[in-house]
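Worksheet: the structure to be examined is printed underneath.
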Amino acid sequence: MSFSWSPKDNKSCNNPPVATGLKRSRNDTGNKVTVVLGAQWGDEGKGKVVDLLATEADLVCRCQGGNNAGHTVVVEGKEYDFHLLPSGIINSKSISLIGNGVVIHLPGLFEEGDKNEKKGLKGWDKRLIVSDRAHLVFDFHQVVDGLQETQRQAQEGINIGTTKKGIGPTYSSKASRTGLRVCDLLGDFKDFSARFKNLVKQYQSMYPTLTVDAEDQLKKLKEYAERLRPMVRDGVYYMYEAIHGSQKKILVEGANAALLDIDFGTYPFVTSSNCTVGGACTGLGIPPLNIGDVFGVSKAYTTRVGIGAFPTEQVNAVGELLQTRGHEIGVTTGRKRRCGWLDLVILKYAHMINGFSAIALTKLDILDVLDEIKVGVAYKINGKRIPHFPGMNAISLIDSR
């Protein structure tokens, strides 16, 4: 290939466009997106907040995580459990979108939709859009998730306490560039099949006990593909059109929570995606400029599922009372949640990262029966008070009021 320089090019170079110095107004960038995020370790009641806001929303989106999240919403006495579907799917007048940052287990998605349809959620599949760039969770990812937990327990005497839904292994496949996306499934199935088998072999080389009936899995995936096909869109273009088209109310429903964020949470006892506000941008393909209000959701006390730092935890009668009165059992895992006093340190930390416009405080009534309510206000490390939330787990509560 050769390159030439013509007189026309030289003329253009000598007469460059004049810079006007004008900037596009920040108010002229299209519709703003409202984001709802967990401000603690999850299970704060985001689903209820989203459901309230979704009554007026035109579009409700999930941007990260998978069916490791769990939201319960009660409408007219009927209880709906959501893991992959946005809670806004209840609103028959809005569209729900699963973005590229979400990892999707197709059997779980359709099982969830069908189960809720029997409870009265009609036409959910007609109101759901799935990004073509979302990565797929396969059954063997879930098996590997369990194998990894067993391996950690044997080697380190401790595990992370994952939901074993295959979320971590799927994000690992994505990061190592061996993962498979929705668009791959709906494209050349022969090519998809070859890549699927290669991925299986890759995991079997790491976990010799892993057995996968690849042909059977591919047969099922081909069936799921046809059911999924009508829902799939180019997610980035769809969001662009939604933002820059007619006036719309767009809502983003965060899964998990700030202290479970892969970068900002209590690592390694975290999830595998960004549950903070940046995840809304990367998980949907929208500019930061279009982020409007960011609402944090927090309980009036603190809960956590699984192991990891929890400075305000109450392993006593108070913790048991909060667990019992608050019905603190995980929607996804069925595990009892650890309970403790409200921790203002983690709330301030979550606000530093997310820039909350407001905080929705839930379950305040659970504290009604207590004569005294305590709140954690500061931490110390090695006896010294610190003004921030540390990146290490060697923290202890210094003061509560």
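Residue numbers start at 1 in each chain; chains themselves are named A, B, ... in the order of the structure tokens; ligands are numbered from 1 in the order shown.
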Could you list, as a PyMOL selection string, every residue within 7 Å of range 126-138 of chain A, counting only C-alpha atoms and ignoring same-chain residues fewer than 5 positions away? chain A and resi 95-105+166+170+179-183+231-235
For Tyr240 in chain A, please output as a VMD selection string all residues within 10 Å (counting only C-alpha atoms; exclusion window: fewer than 6 positions along the same chain). chain A and resid 30 to 31 284 to 287
Run DSSP on the backbone and grab whatever in range 212-302 of chain A lands in strand (DSSP E); send it over as a PyMOL selection string. chain A and resi 232-233+250-253+291-299+302
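Using only C-alpha atoms, the shortest contact distance between Glu111 in chain A and any of A:His388, A:His83, A:Lys93, A:Lys164 is found at A:His83.
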For Leu370 in chain A, please output as a list in words all residues within 12 Å (counting only C-alpha atoms; exclusion window: fewer than 2 positions along the same chain). Ala317, Val318, Gly319, Leu321, Leu322, Arg325, Trp341, Leu364, Asp365, Ile366, Leu367, Asp368, Glu372, Ile373 and Lys374 of chain A
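When only C-alpha atoms are used to compute distances to Arg337 in chain A, the closest of the residues A:Phe196, A:Tyr237, A:Phe82, A:Phe310 turns out to be A:Phe310.
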When distances are computed from only C-alpha atoms, which of A:Lys248, A:Arg177, A:His71, A:Lys348 shows the smallest separation from Asp58 in chain A? A:Lys248
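CA of Gln64 in chain A sits 23.3 Å away from CA of Ala309 in chain A.
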As a PyMOL selection string, please: the residues near Gly168 in chain A (cut-off 12 Å, only C-alpha atoms, same-chain neighbours under 5 positions excluded). chain A and resi 65-68+102-103+136-138+141-149+160-163+173-175+262+268-273
Selection file, N, CA and C atoms, as a CSV table (one decimal), in the first residue's frame:
chain,number,residue,atom,x,y,z
A,65,GLY,N,-24.0,-8.2,36.4
A,65,GLY,CA,-24.4,-9.3,37.2
A,65,GLY,C,-25.2,-10.4,36.4
A,66,GLY,N,-25.8,-11.3,37.0
A,66,GLY,CA,-26.5,-12.4,36.4
A,66,GLY,C,-27.7,-12.8,37.3
A,67,ASN,N,-27.9,-14.1,37.3
A,67,ASN,CA,-29.0,-14.6,38.2
A,67,ASN,C,-28.5,-14.9,39.6
A,68,ASN,N,-27.3,-14.3,39.9
A,68,ASN,CA,-26.9,-14.3,41.3
A,68,ASN,C,-27.5,-13.3,42.1
A,102,VAL,N,-24.5,-7.8,31.4
A,102,VAL,CA,-25.1,-8.9,32.2
A,102,VAL,C,-24.6,-10.2,31.6
A,103,VAL,N,-24.5,-11.2,32.4
A,103,VAL,CA,-24.2,-12.6,31.9
A,103,VAL,C,-25.5,-13.4,32.1
A,136,LEU,N,-22.9,-15.4,27.6
A,136,LEU,CA,-23.7,-16.5,28.1
A,136,LEU,C,-23.1,-17.3,29.2
A,137,VAL,N,-23.9,-17.6,30.2
A,137,VAL,CA,-23.5,-18.5,31.2
A,137,VAL,C,-24.0,-19.9,30.8
A,138,PHE,N,-23.1,-20.9,30.8
A,138,PHE,CA,-23.4,-22.3,30.4
A,138,PHE,C,-23.5,-23.1,31.7
A,141,HIS,N,-20.3,-23.7,33.5
A,141,HIS,CA,-19.8,-22.6,34.2
A,141,HIS,C,-20.3,-22.7,35.7
A,142,GLN,N,-21.5,-23.2,35.9
A,142,GLN,CA,-22.1,-23.3,37.2
A,142,GLN,C,-21.4,-24.5,37.9
A,143,VAL,N,-21.1,-25.5,37.2
A,143,VAL,CA,-20.4,-26.7,37.8
A,143,VAL,C,-19.0,-26.2,38.3
A,144,VAL,N,-18.3,-25.5,37.4
A,144,VAL,CA,-17.0,-25.0,37.7
A,144,VAL,C,-17.0,-24.1,38.9
A,145,ASP,N,-18.1,-23.3,39.0
A,145,ASP,CA,-18.2,-22.4,40.2
A,145,ASP,C,-18.2,-23.2,41.5
A,146,GLY,N,-18.9,-24.3,41.5
A,146,GLY,CA,-18.9,-25.1,42.7
A,146,GLY,C,-17.6,-25.8,42.9
A,147,LEU,N,-16.9,-26.2,41.8
A,147,LEU,CA,-15.6,-26.9,41.9
A,147,LEU,C,-14.6,-25.9,42.5
A,148,GLN,N,-14.6,-24.7,42.1
A,148,GLN,CA,-13.7,-23.7,42.6
A,148,GLN,C,-13.9,-23.4,44.0
A,149,GLU,N,-15.2,-23.4,44.5
A,149,GLU,CA,-15.4,-23.2,45.9
A,149,GLU,C,-14.9,-24.3,46.7
A,160,ILE,N,-15.3,-18.3,49.1
A,160,ILE,CA,-15.9,-17.0,49.0
A,160,ILE,C,-17.4,-16.9,49.3
A,161,GLY,N,-18.0,-18.1,49.1
A,161,GLY,CA,-19.5,-18.1,49.4
A,161,GLY,C,-20.3,-17.7,48.2
A,162,THR,N,-19.9,-18.0,47.0
A,162,THR,CA,-20.6,-17.6,45.8
A,162,THR,C,-22.0,-18.3,45.8
A,163,THR,N,-22.8,-17.8,44.9
A,163,THR,CA,-24.1,-18.5,44.7
A,163,THR,C,-24.1,-19.7,43.8
A,173,SER,N,-14.3,-16.1,31.6
A,173,SER,CA,-14.2,-16.4,30.2
A,173,SER,C,-14.3,-15.2,29.3
A,174,LYS,N,-15.1,-14.2,29.7
A,174,LYS,CA,-15.2,-13.0,29.0
A,174,LYS,C,-13.9,-12.2,29.0
A,175,ALA,N,-13.2,-12.1,30.2
A,175,ALA,CA,-12.0,-11.4,30.3
A,175,ALA,C,-10.8,-12.1,29.6
A,262,ILE,N,-16.4,-5.6,42.2
A,262,ILE,CA,-15.2,-6.3,42.0
A,262,ILE,C,-14.0,-5.4,42.2
A,268,PRO,N,-11.4,-10.3,48.6
A,268,PRO,CA,-12.0,-11.0,47.4
A,268,PRO,C,-13.4,-11.5,47.6
A,269,PHE,N,-14.0,-11.1,48.8
A,269,PHE,CA,-15.4,-11.5,49.0
A,269,PHE,C,-16.4,-10.6,48.4
A,270,VAL,N,-16.4,-10.6,47.1
A,270,VAL,CA,-17.2,-9.7,46.2
A,270,VAL,C,-17.8,-10.5,45.1
A,271,THR,N,-18.6,-9.8,44.3
A,271,THR,CA,-19.1,-10.4,43.1
A,271,THR,C,-18.1,-10.2,41.9
A,272,SER,N,-18.5,-10.5,40.7
A,272,SER,CA,-17.5,-10.4,39.6
A,272,SER,C,-17.7,-9.3,38.6
A,273,SER,N,-18.5,-8.3,39.0
A,273,SER,CA,-18.8,-7.2,38.1
A,273,SER,C,-18.8,-5.9,38.8
Using only C-alpha atoms, the residue out of A:Glu241, A:Ile307, A:Ser94, A:Val252 with shortest distance to Tyr267 in chain A is A:Ile307
Selection near Trp124 in chain A, 12 Å with only C-alpha atoms, sequence-local residues under 5 positions removed, as a compact mmCIF listing (two decimals) with C-alpha atoms, in the first residue's frame:
# COMPACT_ATOMS: atom_id res chain seq x y z
CA LEU A 85 -35.38 -10.03 34.60
CA PRO A 86 -35.44 -6.34 35.56
CA SER A 87 -38.01 -5.72 38.32
CA GLY A 88 -39.62 -3.20 35.98
CA ILE A 89 -40.92 -6.07 33.85
CA ILE A 90 -44.02 -5.92 36.10
CA ASN A 91 -44.98 -2.63 34.46
CA SER A 92 -46.88 -3.66 31.34
CA LYS A 93 -46.39 -0.20 29.82
CA SER A 94 -42.59 -0.20 29.93
CA ILE A 95 -39.85 -2.06 28.08
CA SER A 96 -37.19 -4.00 30.01
CA LEU A 97 -33.66 -4.40 28.68
CA LEU A 109 -33.98 -16.79 32.19
CA PHE A 110 -36.83 -18.75 30.65
CA GLU A 112 -37.84 -17.41 35.71
CA GLY A 113 -40.11 -15.87 33.10
CA ASP A 114 -42.38 -18.92 32.88
CA LYS A 115 -42.58 -19.25 36.68
CA ASN A 116 -43.62 -15.62 37.11
CA GLU A 117 -46.03 -15.87 34.18
CA LYS A 118 -47.94 -18.54 36.09
CA LYS A 119 -48.27 -16.04 38.93
CA ILE A 129 -35.06 -6.81 24.98
CA MET A 231 -35.97 -10.43 21.91
What's the 8 Å shell around Val49 in chain A, counting only C-alpha atoms, without same-chain residues fewer than 5 positions away, as a count of residues only? 3
Quick one: residues within 12 Å of range 210-219 of chain A, only C-alpha atoms counted, chain neighbours fewer than 4 positions away excluded, as a VMD selection string? chain A and resid 106 to 107 138 to 148 185 189 to 206 223 to 226
Using DSSP on the backbone coordinates, identify all residues within range 159-374 of chain A classified as alpha helix (DSSP H); present the result as a VMD selection string. chain A and resid 167 to 175 182 to 186 189 to 206 214 to 228 235 to 244 277 to 282 317 to 325 344 to 354
For Tyr301 in chain A, which residue out of A:Lys222, A:His327, A:Lys48, A:Lys363 is the nearest one, using only C-alpha atoms? A:Lys363
